[in-house]
>>> print(open('my_file18.cif').read())   # mmCIF, C-alpha atoms
data_work
#
loop_
_atom_site.label_atom_id
_atom_site.label_comp_id
_atom_site.auth_asym_id
_atom_site.auth_seq_id
_atom_site.Cartn_x
_atom_site.Cartn_y
_atom_site.Cartn_z
CA MET A 704 -16.43 100.00 -16.94
CA PRO A 705 -13.98 99.72 -14.07
CA THR A 706 -11.14 97.25 -14.57
CA ILE A 707 -10.79 95.05 -11.51
CA SER A 708 -7.95 92.77 -12.67
CA MET A 709 -5.56 92.22 -15.55
CA PHE A 710 -3.39 89.20 -16.28
CA ARG A 711 -1.81 87.47 -19.30
CA GLY A 712 -3.38 89.91 -21.74
CA ILE A 713 -6.86 89.49 -20.22
CA LYS A 714 -8.78 92.46 -18.80
CA ILE A 715 -11.51 91.76 -16.22
CA TYR A 716 -14.17 94.37 -15.53
CA ILE A 717 -17.67 94.88 -14.12
CA ASN A 718 -19.98 97.56 -15.52
CA TRP A 719 -22.05 99.87 -13.38
CA ASN A 720 -25.76 99.68 -14.31
CA ASP A 721 -25.32 96.25 -15.87
CA HIS A 722 -28.07 93.64 -16.19
CA MET A 723 -28.73 90.59 -14.05
CA PRO A 724 -27.54 87.92 -13.34
CA PRO A 725 -24.36 89.02 -11.54
CA HIS A 726 -21.52 88.68 -14.03
CA PHE A 727 -18.19 90.07 -15.12
CA HIS A 728 -16.60 90.72 -18.50
CA ALA A 729 -13.30 89.33 -19.70
CA VAL A 730 -11.64 90.85 -22.77
CA TYR A 731 -8.81 89.20 -24.66
CA ALA A 732 -7.47 90.23 -28.07
CA GLY A 733 -10.56 92.31 -28.78
CA GLN A 734 -12.98 89.49 -27.90
CA ASP A 735 -15.41 89.91 -24.98
CA VAL A 736 -17.09 87.24 -22.88
CA LEU A 737 -19.64 87.64 -20.06
CA ILE A 738 -19.33 85.08 -17.26
CA SER A 739 -21.88 84.55 -14.51
CA ILE A 740 -20.33 84.96 -11.07
CA ASN A 741 -22.55 82.39 -9.33
CA GLU A 742 -22.40 79.58 -11.90
CA LEU A 743 -19.04 80.50 -13.49
CA GLU A 744 -20.53 79.84 -16.92
CA VAL A 745 -20.41 81.84 -20.13
CA ILE A 746 -23.53 83.95 -20.61
CA GLU A 747 -22.53 85.52 -23.90
CA GLY A 748 -19.52 86.03 -26.12
CA ASP A 749 -16.33 84.08 -26.68
CA ILE A 750 -12.60 84.14 -26.07
CA PRO A 751 -10.08 81.42 -26.93
CA SER A 752 -10.44 78.22 -24.91
CA LYS A 753 -7.06 78.51 -23.16
CA GLN A 754 -7.81 82.03 -21.91
CA LEU A 755 -11.39 81.09 -20.95
CA LYS A 756 -10.09 78.23 -18.78
CA MET A 757 -7.67 80.64 -17.07
CA VAL A 758 -10.46 83.16 -16.43
CA ILE A 759 -12.85 80.53 -15.03
CA GLY A 760 -10.12 79.14 -12.75
CA TRP A 761 -9.23 82.63 -11.53
CA ALA A 762 -12.92 83.45 -10.98
CA ALA A 763 -13.48 80.28 -8.94
CA PHE A 764 -10.68 81.35 -6.61
CA HIS A 765 -12.03 84.94 -6.35
CA GLN A 766 -15.79 84.31 -6.52
CA THR A 767 -16.55 86.04 -3.18
CA GLU A 768 -14.59 89.13 -4.20
CA LEU A 769 -16.35 89.22 -7.56
CA LEU A 770 -19.74 89.14 -5.84
CA GLU A 771 -18.65 91.91 -3.46
CA ASN A 772 -17.59 94.05 -6.44
CA TRP A 773 -20.91 93.31 -8.17
CA GLU A 774 -22.79 94.62 -5.11
CA LEU A 775 -20.62 97.74 -5.06
CA ALA A 776 -21.30 98.32 -8.76
CA VAL A 777 -25.05 98.02 -8.20
CA LYS A 778 -24.73 100.77 -5.56
CA HIS A 779 -22.55 102.90 -7.90
CA MET A 780 -19.65 102.68 -5.45
CA ASP A 781 -15.95 102.34 -6.24
CA LEU A 782 -14.83 98.82 -7.05
CA PHE A 783 -11.65 97.28 -5.66
CA SER A 784 -8.92 95.45 -7.52
CA ILE A 785 -8.67 91.69 -7.32
CA GLU A 786 -5.30 89.94 -7.37
CA PRO A 787 -4.41 88.74 -10.86
CA LEU A 788 -3.69 85.16 -11.85
CA GLN A 789 -0.12 84.30 -10.91
#
>>> encode(input="my_file18.cif", output="structure tokens")
Amino acid sequence: MPTISMFRGIKIYINWNDHMPPHFHAVYAGQDVLISINELEVIEGDIPSKQLKMVIGWAAFHQTELLENWELAVKHMDLFSIEPLQ
């Protein structure tokens, strides 16, 4: 599970061989949430509300890059880092 960004204690990653729809994982304090890239909605899991809002805001700004990384993961290619939340 390649890490593509880290900020404020949150780790963002996309798994190779993961299921549809396109999504990414965010981990904070041992909690994991799956967020759809297209709808920017929680598919499964939970993290605290404050961190979830930060992740969704960051994802909205980097949605195109997240989709590009998803396509690379589907092809088992190396993923690239995405700028963290400032």
>>> closest_residue(input="my_file18.cif", among="A:Leu755, A:Leu770, A:Ala762, A:Met780", to="Ile713 (chain A)", atoms="only C-alpha atoms")
A:Leu755
>>> residues_around(input="my_file18.cif", residues="Ala776 (chain A)", least_positions_apart="5", cutoff="7 Å", atoms="all atoms listed in the file", output="ChimeraX atom specification")
/A:718-719,782
>>> residues_around(input="my_file18.cif", residues="Ser739 (chain A)", least_positions_apart="5", cutoff="8 Å", atoms="only C-alpha atoms", output="PDB file with C-alpha atoms, in the coordinates of the input")
ATOM      1  CA  PRO A 724     -27.540  87.920 -13.340  1.00  0.00           C
ATOM      2  CA  PRO A 725     -24.360  89.020 -11.540  1.00  0.00           C
ATOM      3  CA  HIS A 726     -21.520  88.680 -14.030  1.00  0.00           C
ATOM      4  CA  PHE A 727     -18.190  90.070 -15.120  1.00  0.00           C
ATOM      5  CA  GLU A 744     -20.530  79.840 -16.920  1.00  0.00           C
ATOM      6  CA  VAL A 745     -20.410  81.840 -20.130  1.00  0.00           C
ATOM      7  CA  ILE A 746     -23.530  83.950 -20.610  1.00  0.00           C
TER       8      ILE A 746
END
>>> closest_residue(input="my_file18.cif", among="A:Arg711, A:Glu742, A:Leu775, A:Val758", to="His728 (chain A)", atoms="all atoms listed in the file")
A:Val758
>>> resolve_selection(input="my_file18.cif", expression="the PyMOL selection byres ((chain A and resi 706) around 8)", output="ChimeraX atom specification")
/A:704-705,707-709,714-717,784
>>> atom_distance(input="my_file18.cif", atom1="CA of Thr767 (chain A)", atom2="CA of Pro751 (chain A)")
25.0 Å
>>> atom_distance(input="my_file18.cif", atom1="CA of Pro787 (chain A)", atom2="CA of Asp735 (chain A)")
17.9 Å
>>> residues_around(input="my_file18.cif", residues="Glu768 (chain A)", least_positions_apart="3", cutoff="10 Å", atoms="only C-alpha atoms", output="list in words")
Ile740, Ala762, Phe764, His765, Glu771, Asn772, Trp773, Glu774, Phe783, Ser784, Ile785 and Glu786 of chain A
>>> closest_residue(input="my_file18.cif", among="A:Ala729, A:Gln766, A:Asp781, A:Asn720", to="Asn741 (chain A)", atoms="all atoms listed in the file")
A:Gln766
>>> axis_aligned_box(input="my_file18.cif", around="region 784-787 of chain A", padding_each_side="3 Å", output="JSON")
{"center_x": -6.7, "center_y": 92.1, "center_z": -9.1, "size_x": 10.5, "size_y": 12.7, "size_z": 9.5}
>>> atom_distance(input="my_file18.cif", atom1="CA of Gln789 (chain A)", atom2="CA of Asp721 (chain A)")
28.3 Å
>>> closest_residue(input="my_file18.cif", among="A:Leu769, A:Tyr731, A:Leu737, A:Lys778", to="Lys753 (chain A)", atoms="all atoms listed in the file")
A:Tyr731
>>> decode(input="my_file18.cif", residues="region 718-747 of chain A", atoms="N, CA and C atoms", output="compact mmCIF listing (two decimals), in the first residue's frame")
# COMPACT_ATOMS: atom_id res chain seq x y z
N ASN A 718 -4.12 1.33 -2.53
CA ASN A 718 -3.65 -0.06 -2.67
C ASN A 718 -3.63 -0.48 -4.13
N TRP A 719 -2.63 -1.29 -4.49
CA TRP A 719 -2.67 -1.97 -5.76
C TRP A 719 -3.68 -3.09 -5.61
N ASN A 720 -4.32 -3.49 -6.71
CA ASN A 720 -5.31 -4.59 -6.69
C ASN A 720 -6.49 -4.30 -5.77
N ASP A 721 -6.87 -3.05 -5.63
CA ASP A 721 -8.00 -2.73 -4.77
C ASP A 721 -9.29 -2.77 -5.58
N HIS A 722 -10.41 -2.79 -4.90
CA HIS A 722 -11.72 -2.91 -5.52
C HIS A 722 -12.23 -1.56 -6.03
N MET A 723 -13.24 -1.63 -6.90
CA MET A 723 -13.90 -0.44 -7.39
C MET A 723 -14.91 0.01 -6.33
N PRO A 724 -15.36 1.24 -6.30
CA PRO A 724 -15.00 2.35 -7.17
C PRO A 724 -13.64 2.91 -6.80
N PRO A 725 -13.08 3.77 -7.67
CA PRO A 725 -11.79 4.40 -7.34
C PRO A 725 -11.88 5.09 -5.98
N HIS A 726 -10.92 4.80 -5.13
CA HIS A 726 -10.92 5.37 -3.79
C HIS A 726 -9.50 5.40 -3.23
N PHE A 727 -9.38 6.10 -2.12
CA PHE A 727 -8.11 6.11 -1.39
C PHE A 727 -8.41 5.86 0.07
N HIS A 728 -7.37 5.53 0.81
CA HIS A 728 -7.46 5.27 2.24
C HIS A 728 -6.81 6.44 2.98
N ALA A 729 -7.39 6.79 4.11
CA ALA A 729 -6.78 7.76 5.01
C ALA A 729 -6.73 7.11 6.39
N VAL A 730 -5.55 7.13 7.00
CA VAL A 730 -5.37 6.53 8.32
C VAL A 730 -4.97 7.62 9.29
N TYR A 731 -5.66 7.65 10.43
CA TYR A 731 -5.34 8.60 11.48
C TYR A 731 -5.54 7.90 12.82
N ALA A 732 -4.51 7.92 13.65
CA ALA A 732 -4.57 7.35 15.00
C ALA A 732 -5.12 5.92 14.99
N GLY A 733 -4.68 5.13 14.01
CA GLY A 733 -5.08 3.74 13.93
C GLY A 733 -6.45 3.50 13.32
N GLN A 734 -7.16 4.54 12.96
CA GLN A 734 -8.46 4.41 12.31
C GLN A 734 -8.29 4.59 10.81
N ASP A 735 -9.04 3.83 10.02
CA ASP A 735 -8.92 3.83 8.56
C ASP A 735 -10.27 4.17 7.94
N VAL A 736 -10.24 5.03 6.94
CA VAL A 736 -11.45 5.39 6.21
C VAL A 736 -11.16 5.28 4.71
N LEU A 737 -12.12 4.77 3.95
CA LEU A 737 -12.02 4.70 2.49
C LEU A 737 -12.91 5.80 1.93
N ILE A 738 -12.35 6.60 1.02
CA ILE A 738 -13.07 7.74 0.45
C ILE A 738 -13.07 7.60 -1.06
N SER A 739 -14.27 7.70 -1.66
CA SER A 739 -14.37 7.63 -3.11
C SER A 739 -13.72 8.88 -3.71
N ILE A 740 -12.97 8.67 -4.78
CA ILE A 740 -12.28 9.79 -5.42
C ILE A 740 -13.26 10.64 -6.22
N ASN A 741 -14.20 10.03 -6.90
CA ASN A 741 -15.13 10.79 -7.74
C ASN A 741 -16.16 11.57 -6.92
N GLU A 742 -16.74 10.97 -5.91
CA GLU A 742 -17.78 11.63 -5.13
C GLU A 742 -17.26 12.32 -3.87
N LEU A 743 -16.02 11.97 -3.47
CA LEU A 743 -15.43 12.49 -2.23
C LEU A 743 -16.34 12.22 -1.04
N GLU A 744 -16.82 10.98 -0.97
CA GLU A 744 -17.67 10.54 0.13
C GLU A 744 -17.07 9.30 0.78
N VAL A 745 -17.36 9.13 2.05
CA VAL A 745 -16.87 7.96 2.78
C VAL A 745 -17.59 6.71 2.27
N ILE A 746 -16.78 5.71 1.92
CA ILE A 746 -17.31 4.42 1.50
C ILE A 746 -17.42 3.50 2.71
N GLU A 747 -16.40 3.56 3.55
CA GLU A 747 -16.32 2.64 4.69
C GLU A 747 -15.34 3.20 5.70
